[in-house]
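Structure, as structure tokens:
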Amino acid sequence: APVSLGHSTRPDFEILHQKVPNGSKLVYLDNAATSQKPSAVIDAVNNYYRSYNSNVHRGIHFLSARATDEYEMARKKVAAFINASQSSEIVFTRNATEAINLVAYSWGISNLKPKDEIVVTVAEHHSAIVPWQLLSEKTGAVLKFVSLTEDEVPDVKMLQETLSNKTKLVVVHHVSNVLASVLPIKEIAKWAHDTGARILVDACQSVPHMVVDVQDLGVDFLVASSHKMCGPTGVGFLYGKSEILASMPPFLGGGEMISDVFLDHSTYADPPSRFEAGTPAIGEAIGLGAAIDYLSEIGMQKIHDYEVELGNYLYENLRKVPGVGIYGPAPSQTVDRAALCSFNVEGLHPTDLATFLDQQHGVAIRSGHHCAQPLHRYLGINASARASLYFYNTKEDVDDFIRALDDTIGFFNSFK
Ligand SMILES: Cc1ncc(COP(=O)(O)O)c(CNc2co[nH]c2=O)c1O
């Protein structure tokens with residue numbers, strides 16, 4: 001049988017080959033929270049600190065020139081990875097959350113006025129809701145929420161009907177970190193533009209898992225995080241159309257983002273520097289560049305195809321476990337369901353479930369609200385368990401998870 005992508009890539013992830021305290025082998029199924037890092041990424045970060053660590057952009061010596069070249073090369077790699085038209089459309093941030101806040105506090109404050117509408121879905125991550133609540137308090141703009149359909153996916157028809165000449169911004173996820181649903185971004189972007197609105201896409205759960213082409217999608221802003229795509233924590237990025245970024249005032253003030261500083265005013269650098277105040281996460285950005293090299297070597301279409309198949313294998317096996325209810329659309333109800341399942345087991349709290357899976361079986365899943373409390377309330381639940389896969393997972397991982405889940409349910413039922 002052909003070697004699966006999961007098996008062929010696992011040797012690159014030393015962390016996956018360990019046993020947990022009770023002696024079980026680790027089964028890592030929490031990739032929607034953060035991915036693991038291949039040796040090539042770890043080596044790239046180590047090599048930076050070991051061989052050419054230096055501050056970037058204004059140093060006039062060999063190390064600084066090398067560090068600057070590698071940092072800017074990382075930016076070019078991100079731009080090419082999402083098919084941005086130029087690397088200056090990529091702003092490095094700490095993470096996706098900061099990238100969304102950058103748009104809120106720069107574009108938002110200078111473009112939104114009372115009664116303007118920001119259209120958001122109930123399924124958004126807190127980082128795509130709270131910044132706009134804070135901005136609403138400052139500008140008087142109002143949030144309009146789009147509900148789910150009976151298939152537990154965002155109601156795209158309702159979204160289209162919610163748009164009006166009062167809509168100034170649409171903020172939506174590409175892939176839900178809870179429902180595993182995939183939104184038709186290209187269509188939504190066209191509808192937004194037809195009403196004169198801008199669109200920001202939270203691509204945290206899509207950029208690591210599929211081909212994302214910002215020019216084809218037609219988005220104005222798109223955000224993602226390095227740590228979900230085999231890169232280090234501490235760095236993420238905002239993509240913004242160059243003409244929009246050029247119109248935006250700075251987000252944070254300090255070094256790097258200026259052109260000239262006087263006592264009574266300053267002039268600012270062009271994007272992306274305008275939005276990168278202070279010393280950036282140089283080593284981490286270089287690590288993100290190495291992650292993009294690694295993912296590109298495998299191929300995002302190959303990763304996506306493998307994950308759709310493995311995700312459906314997870315869904316179909318999990319669905320058969322007595323008492324399990326999975327949230328979001330079934331594979332038959334959606335195109336390319338993401339490789340994650342949020343679920344609950346009747347009579348069992350997800351945290352008890354996740355704790356037993358971890359301590360008895362070495363299976364790492366997540367439990368809680370996954371930074372989507374409005375979505376959980378909408379679904380009528382406080383919390384859920386979530387198993388989320390990446391390309392280095394295998395069918396054996398899924399089989400181990402299902403066996404452990406059966407045992408866990410049996411254990412708790414024995415007390416009833
Ligand atoms: C859809 C989505 N948007 C935004 C974020 C925020 O990313 P950050 O700025 O890098 O933190 C996450 C992280 N999601 C999760 C983090 O932990 N469990 C999760 O599901 C996410 O899944």
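Letters for chains follow the order of the structure tokens (A, B, ...), residue numbers begin at 1 for each chain, and ligand numbers begin at 1 in the order shown.
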
Could you give me the residues within 7 Å of ligand 1, counting only C-alpha atoms and all ligand atoms, as an MDAnalysis selection string?
chainID A and resid 32:34 95:98 124:125 127:128 173 175:177 202:205 225 227 236 370:371

Next, write the just-selected residues to a file, as an mmCIF file, in the first residue's frame, keeping N, CA, C and O atoms as the atom set.
data_model
loop_
_atom_site.group_PDB
_atom_site.id
_atom_site.type_symbol
_atom_site.label_atom_id
_atom_site.label_comp_id
_atom_site.auth_asym_id
_atom_site.auth_seq_id
_atom_site.Cartn_x
_atom_site.Cartn_y
_atom_site.Cartn_z
ATOM 1 N N ALA A 32 -5.862 22.233 15.683
ATOM 2 C CA ALA A 32 -6.561 23.513 15.460
ATOM 3 C C ALA A 32 -6.117 24.538 16.493
ATOM 4 O O ALA A 32 -6.239 25.748 16.271
ATOM 5 N N ALA A 33 -5.601 24.068 17.641
ATOM 6 C CA ALA A 33 -5.090 24.991 18.668
ATOM 7 C C ALA A 33 -3.687 25.435 18.301
ATOM 8 O O ALA A 33 -3.378 26.630 18.318
ATOM 9 N N THR A 34 -2.832 24.476 17.994
ATOM 10 C CA THR A 34 -1.503 24.802 17.458
ATOM 11 C C THR A 34 -0.909 23.552 16.814
ATOM 12 O O THR A 34 -1.185 22.430 17.257
ATOM 13 N N ASN A 95 0.397 37.594 16.008
ATOM 14 C CA ASN A 95 -0.500 36.459 15.749
ATOM 15 C C ASN A 95 -1.704 36.985 14.969
ATOM 16 O O ASN A 95 -1.765 38.178 14.642
ATOM 17 N N ALA A 96 -2.642 36.150 14.678
ATOM 18 C CA ALA A 96 -3.823 36.580 13.907
ATOM 19 C C ALA A 96 -4.661 37.569 14.700
ATOM 20 O O ALA A 96 -5.224 38.519 14.157
ATOM 21 N N THR A 97 -4.715 37.349 16.010
ATOM 22 C CA THR A 97 -5.506 38.236 16.867
ATOM 23 C C THR A 97 -5.012 39.676 16.749
ATOM 24 O O THR A 97 -5.796 40.613 16.571
ATOM 25 N N GLU A 98 -3.689 39.852 16.807
ATOM 26 C CA GLU A 98 -3.139 41.211 16.688
ATOM 27 C C GLU A 98 -3.386 41.764 15.298
ATOM 28 O O GLU A 98 -3.670 42.958 15.128
ATOM 29 N N GLU A 124 -17.882 33.056 14.718
ATOM 30 C CA GLU A 124 -16.511 33.584 14.723
ATOM 31 C C GLU A 124 -15.772 33.290 16.028
ATOM 32 O O GLU A 124 -16.381 33.174 17.099
ATOM 33 N N HIS A 125 -14.474 33.201 15.923
ATOM 34 C CA HIS A 125 -13.550 33.129 17.055
ATOM 35 C C HIS A 125 -13.593 34.471 17.794
ATOM 36 O O HIS A 125 -13.872 35.503 17.195
ATOM 37 N N SER A 127 -11.410 36.387 18.636
ATOM 38 C CA SER A 127 -10.496 37.401 18.085
ATOM 39 C C SER A 127 -11.094 38.071 16.857
ATOM 40 O O SER A 127 -10.572 39.079 16.399
ATOM 41 N N ALA A 128 -12.184 37.531 16.332
ATOM 42 C CA ALA A 128 -12.874 38.162 15.193
ATOM 43 C C ALA A 128 -14.171 38.806 15.640
ATOM 44 O O ALA A 128 -14.942 39.295 14.811
ATOM 45 N N HIS A 173 -14.792 33.973 9.082
ATOM 46 C CA HIS A 173 -13.761 32.934 9.018
ATOM 47 C C HIS A 173 -13.796 32.279 7.646
ATOM 48 O O HIS A 173 -14.835 32.258 6.993
ATOM 49 N N VAL A 175 -12.488 28.975 7.454
ATOM 50 C CA VAL A 175 -12.853 27.652 7.982
ATOM 51 C C VAL A 175 -13.102 27.807 9.478
ATOM 52 O O VAL A 175 -12.305 28.436 10.176
ATOM 53 N N SER A 176 -14.183 27.217 9.964
ATOM 54 C CA SER A 176 -14.533 27.331 11.374
ATOM 55 C C SER A 176 -13.676 26.391 12.231
ATOM 56 O O SER A 176 -13.537 25.203 11.896
ATOM 57 N N ASN A 177 -13.147 26.895 13.343
ATOM 58 C CA ASN A 177 -12.338 26.056 14.246
ATOM 59 C C ASN A 177 -13.213 25.164 15.125
ATOM 60 O O ASN A 177 -12.699 24.401 15.935
ATOM 61 N N ASP A 202 -10.704 35.767 8.336
ATOM 62 C CA ASP A 202 -9.906 35.084 9.358
ATOM 63 C C ASP A 202 -9.549 33.718 8.781
ATOM 64 O O ASP A 202 -10.391 32.812 8.755
ATOM 65 N N ALA A 203 -8.316 33.567 8.316
ATOM 66 C CA ALA A 203 -7.887 32.359 7.597
ATOM 67 C C ALA A 203 -6.994 31.471 8.451
ATOM 68 O O ALA A 203 -6.219 30.655 7.921
ATOM 69 N N CYS A 204 -7.140 31.594 9.786
ATOM 70 C CA CYS A 204 -6.288 30.794 10.675
ATOM 71 C C CYS A 204 -6.400 29.299 10.410
ATOM 72 O O CYS A 204 -5.435 28.558 10.547
ATOM 73 N N GLN A 205 -7.615 28.844 10.080
ATOM 74 C CA GLN A 205 -7.837 27.405 9.891
ATOM 75 C C GLN A 205 -7.893 26.998 8.424
ATOM 76 O O GLN A 205 -8.217 25.852 8.111
ATOM 77 N N SER A 225 -1.980 32.787 11.441
ATOM 78 C CA SER A 225 -0.959 32.659 12.485
ATOM 79 C C SER A 225 0.053 31.590 12.136
ATOM 80 O O SER A 225 -0.309 30.488 11.736
ATOM 81 N N HIS A 227 1.847 29.749 14.099
ATOM 82 C CA HIS A 227 1.924 28.542 14.946
ATOM 83 C C HIS A 227 0.906 27.493 14.540
ATOM 84 O O HIS A 227 0.993 26.343 14.981
ATOM 85 N N GLY A 236 2.567 36.207 13.231
ATOM 86 C CA GLY A 236 1.422 35.955 12.372
ATOM 87 C C GLY A 236 1.468 37.015 11.297
ATOM 88 O O GLY A 236 2.474 37.751 11.186
ATOM 89 N N HIS A 370 -13.338 26.776 22.913
ATOM 90 C CA HIS A 370 -12.467 27.002 21.742
ATOM 91 C C HIS A 370 -12.503 28.467 21.286
ATOM 92 O O HIS A 370 -12.467 28.758 20.083
ATOM 93 N N CYS A 371 -12.621 29.379 22.267
ATOM 94 C CA CYS A 371 -12.713 30.830 21.984
ATOM 95 C C CYS A 371 -13.864 31.121 21.022
ATOM 96 O O CYS A 371 -13.742 31.967 20.132
#

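Residues in contact range of segment 207-214 of chain A, defined as at most 7 Å between only C-alpha atoms, with sequence neighbours fewer than 6 positions away removed, read Ile82, Asn83, Ala84, Ala224, Lys228, Met229, Met300, Gln301, Ile303 and His304 of chain A.
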
Got a sec: who's within 7 Å of segment 187-200 of chain A, counting only C-alpha atoms, leaving out chain neighbours fewer than 6 positions off, as a list in words?
Gln160, Leu163, Ser164, Asn165, Thr167, Lys168, Leu169, Val170, Val171, Val172, Gly218, Val219, Asp220, Phe221 and Leu222 of chain A

Dump C-alpha atoms for the selected residues as a PDB file, in the first residue's frame?
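File written: out.pdb
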ATOM      1  CA  GLN A 160     -26.133  38.198   1.734  1.00  0.00           C
ATOM      2  CA  LEU A 163     -25.660  43.360   3.594  1.00  0.00           C
ATOM      3  CA  SER A 164     -26.859  46.875   2.816  1.00  0.00           C
ATOM      4  CA  ASN A 165     -25.498  50.320   2.024  1.00  0.00           C
ATOM      5  CA  THR A 167     -22.463  47.705   5.707  1.00  0.00           C
ATOM      6  CA  LYS A 168     -18.868  48.904   5.837  1.00  0.00           C
ATOM      7  CA  LEU A 169     -17.067  45.691   6.802  1.00  0.00           C
ATOM      8  CA  VAL A 170     -17.689  41.937   6.624  1.00  0.00           C
ATOM      9  CA  VAL A 171     -15.630  39.815   9.060  1.00  0.00           C
ATOM     10  CA  VAL A 172     -15.812  36.066   8.489  1.00  0.00           C
ATOM     11  CA  GLY A 218     -10.744  39.130  -3.865  1.00  0.00           C
ATOM     12  CA  VAL A 219     -10.404  39.828  -0.128  1.00  0.00           C
ATOM     13  CA  ASP A 220      -9.301  43.200   1.254  1.00  0.00           C
ATOM     14  CA  PHE A 221      -7.742  41.831   4.455  1.00  0.00           C
ATOM     15  CA  LEU A 222      -6.771  38.304   5.468  1.00  0.00           C
TER      16      LEU A 222
END

Would you kindly return, as a list of chain:residue names, each protein, DNA or RNA residue with an atom no farther than 10 Å from any atom of Ser367 of chain A, considering only C-alpha atoms and excluding same-chain residues fewer than 5 positions away?
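In the requested format, the answer is A:Asp30, A:Ser342, A:Phe343, A:Asn344, A:His349, A:Pro350, A:Thr351, A:Asp352, A:Leu353, A:Ala354, A:Thr355, A:Ala383, A:Ser384, A:Ala385, A:Arg386, A:Ala387.
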
Save out the residues we just selected, N, CA, C and O atoms, as a JSON list (two decimals), in the first residue's frame.
[["chain", "number", "residue", "atom", "x", "y", "z"],
["A", 30, "ASP", "N", -4.70, 17.96, 18.57],
["A", 30, "ASP", "CA", -5.14, 19.31, 18.96],
["A", 30, "ASP", "C", -4.56, 20.34, 18.01],
["A", 30, "ASP", "O", -4.13, 21.42, 18.40],
["A", 342, "SER", "N", -15.77, 18.73, 16.41],
["A", 342, "SER", "CA", -16.18, 19.15, 17.75],
["A", 342, "SER", "C", -17.41, 18.32, 18.10],
["A", 342, "SER", "O", -18.31, 18.18, 17.28],
["A", 343, "PHE", "N", -17.43, 17.78, 19.31],
["A", 343, "PHE", "CA", -18.49, 16.83, 19.64],
["A", 343, "PHE", "C", -18.74, 16.81, 21.15],
["A", 343, "PHE", "O", -17.95, 17.34, 21.94],
["A", 344, "ASN", "N", -19.84, 16.20, 21.51],
["A", 344, "ASN", "CA", -20.12, 15.89, 22.91],
["A", 344, "ASN", "C", -20.59, 14.46, 23.02],
["A", 344, "ASN", "O", -21.07, 13.88, 22.04],
["A", 349, "HIS", "N", -19.05, 15.19, 30.63],
["A", 349, "HIS", "CA", -18.55, 16.54, 30.40],
["A", 349, "HIS", "C", -17.28, 16.45, 29.53],
["A", 349, "HIS", "O", -16.41, 15.61, 29.80],
["A", 350, "PRO", "N", -17.16, 17.30, 28.53],
["A", 350, "PRO", "CA", -16.01, 17.21, 27.62],
["A", 350, "PRO", "C", -14.66, 17.32, 28.33],
["A", 350, "PRO", "O", -13.68, 16.70, 27.90],
["A", 351, "THR", "N", -14.64, 18.05, 29.45],
["A", 351, "THR", "CA", -13.35, 18.16, 30.15],
["A", 351, "THR", "C", -12.99, 16.86, 30.86],
["A", 351, "THR", "O", -11.83, 16.45, 30.87],
["A", 352, "ASP", "N", -14.00, 16.19, 31.42],
["A", 352, "ASP", "CA", -13.74, 14.86, 32.02],
["A", 352, "ASP", "C", -13.23, 13.91, 30.93],
["A", 352, "ASP", "O", -12.27, 13.16, 31.12],
["A", 353, "LEU", "N", -13.89, 14.00, 29.79],
["A", 353, "LEU", "CA", -13.53, 13.13, 28.65],
["A", 353, "LEU", "C", -12.08, 13.38, 28.21],
["A", 353, "LEU", "O", -11.26, 12.48, 28.12],
["A", 354, "ALA", "N", -11.75, 14.67, 28.01],
["A", 354, "ALA", "CA", -10.41, 15.01, 27.52],
["A", 354, "ALA", "C", -9.34, 14.65, 28.54],
["A", 354, "ALA", "O", -8.24, 14.18, 28.20],
["A", 355, "THR", "N", -9.66, 14.85, 29.83],
["A", 355, "THR", "CA", -8.70, 14.53, 30.89],
["A", 355, "THR", "C", -8.40, 13.03, 30.92],
["A", 355, "THR", "O", -7.24, 12.61, 30.98],
["A", 383, "ALA", "N", -19.81, 23.83, 26.42],
["A", 383, "ALA", "CA", -18.45, 23.40, 26.02],
["A", 383, "ALA", "C", -18.56, 22.21, 25.07],
["A", 383, "ALA", "O", -19.63, 21.60, 24.92],
["A", 384, "SER", "N", -17.46, 21.91, 24.41],
["A", 384, "SER", "CA", -17.42, 20.72, 23.56],
["A", 384, "SER", "C", -16.01, 20.16, 23.59],
["A", 384, "SER", "O", -15.06, 20.83, 24.03],
["A", 385, "ALA", "N", -15.89, 18.93, 23.14],
["A", 385, "ALA", "CA", -14.57, 18.33, 22.94],
["A", 385, "ALA", "C", -14.23, 18.49, 21.47],
["A", 385, "ALA", "O", -15.12, 18.61, 20.63],
["A", 386, "ARG", "N", -12.96, 18.54, 21.14],
["A", 386, "ARG", "CA", -12.59, 18.72, 19.75],
["A", 386, "ARG", "C", -11.33, 17.94, 19.41],
["A", 386, "ARG", "O", -10.30, 18.12, 20.07],
["A", 387, "ALA", "N", -11.42, 17.11, 18.40],
["A", 387, "ALA", "CA", -10.25, 16.42, 17.84],
["A", 387, "ALA", "C", -9.95, 17.09, 16.51],
["A", 387, "ALA", "O", -10.83, 17.23, 15.67]]

As a PyMOL selection string, please: every residue in segment 193-279 of chain A that DSSP puts in helix (DSSP H, G or I).
chain A and resi 193-194+214-217+226-228+242-247+273-275

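The closest residue to Ile298 of chain A, picked from A:Tyr392, A:Arg94, A:Val235, A:His265 and counting only C-alpha atoms, is A:Tyr392.
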
DSSP strand (DSSP E) residues within segment 229-347 of chain A, as a list in words
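Filtering segment 229-347 of chain A down to strand (DSSP E) leaves Gly236, Phe237, Leu238, Tyr239, Gly240, Ile258, Ser259, Asp260, Val261, Ser266, Thr267, Tyr268, Val324, Gly325, Ile326, Leu340, Cys341, Ser342, Phe343, Asn344 and Val345 of chain A.
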
Leaving out Tyr105 of chain A and any residue of its chain fewer than 3 positions from it, which residues lie within 8 Å of it when counting only C-alpha atoms, given as a list in words?
Asn101, Leu102, Gly108, Ile109, Leu135 and Phe251 of chain A

Name the residues in contact with segment 55-70 of chain A at a cut-off of 9 Å, using only C-alpha atoms, excluding same-chain residues fewer than 3 positions from it; report them as a count of residues only.
14

Rank A:Tyr239, A:Phe401, A:Phe262, A:Tyr268 by their smallest atom-to-atom distance to Val321 of chain A, using only C-alpha atoms, and report the top residue only.
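Closest to Val321 of chain A, using only C-alpha atoms: A:Phe401.
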
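Here the question is which of A:Ser4, A:Thr408, A:Ser259, A:Ser181 gets nearest to Tyr327 of chain A using only C-alpha atoms, and that residue is A:Ser181.
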
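Close contacts of Phe356 of chain A, defined as residues with an atom at most 12 Å away when counting only C-alpha atoms, with chain neighbours fewer than 5 positions off set aside, comprise A:Asn22, A:Leu348, A:His349, A:Pro350, A:Thr351, A:His361, A:Gly362, A:Val363, A:Ala364, A:Ile365, A:Arg366, A:Ser367, A:Phe401, A:Ala404, A:Leu405, A:Asp406, A:Asp407, A:Thr408, A:Ile409, A:Gly410, A:Phe411, A:Phe412.
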
One number please: atom CA of Asn413 of chain A to atom CA of Val20 of chain A, in Å, one decimal.
25.1 Å

From the options A:Thr93, A:Leu143, A:Phe391, A:Ile15, which residue's atoms come nearest to Lys302 of chain A, counting only C-alpha atoms?
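Closest to Lys302 of chain A, using only C-alpha atoms: A:Phe391.
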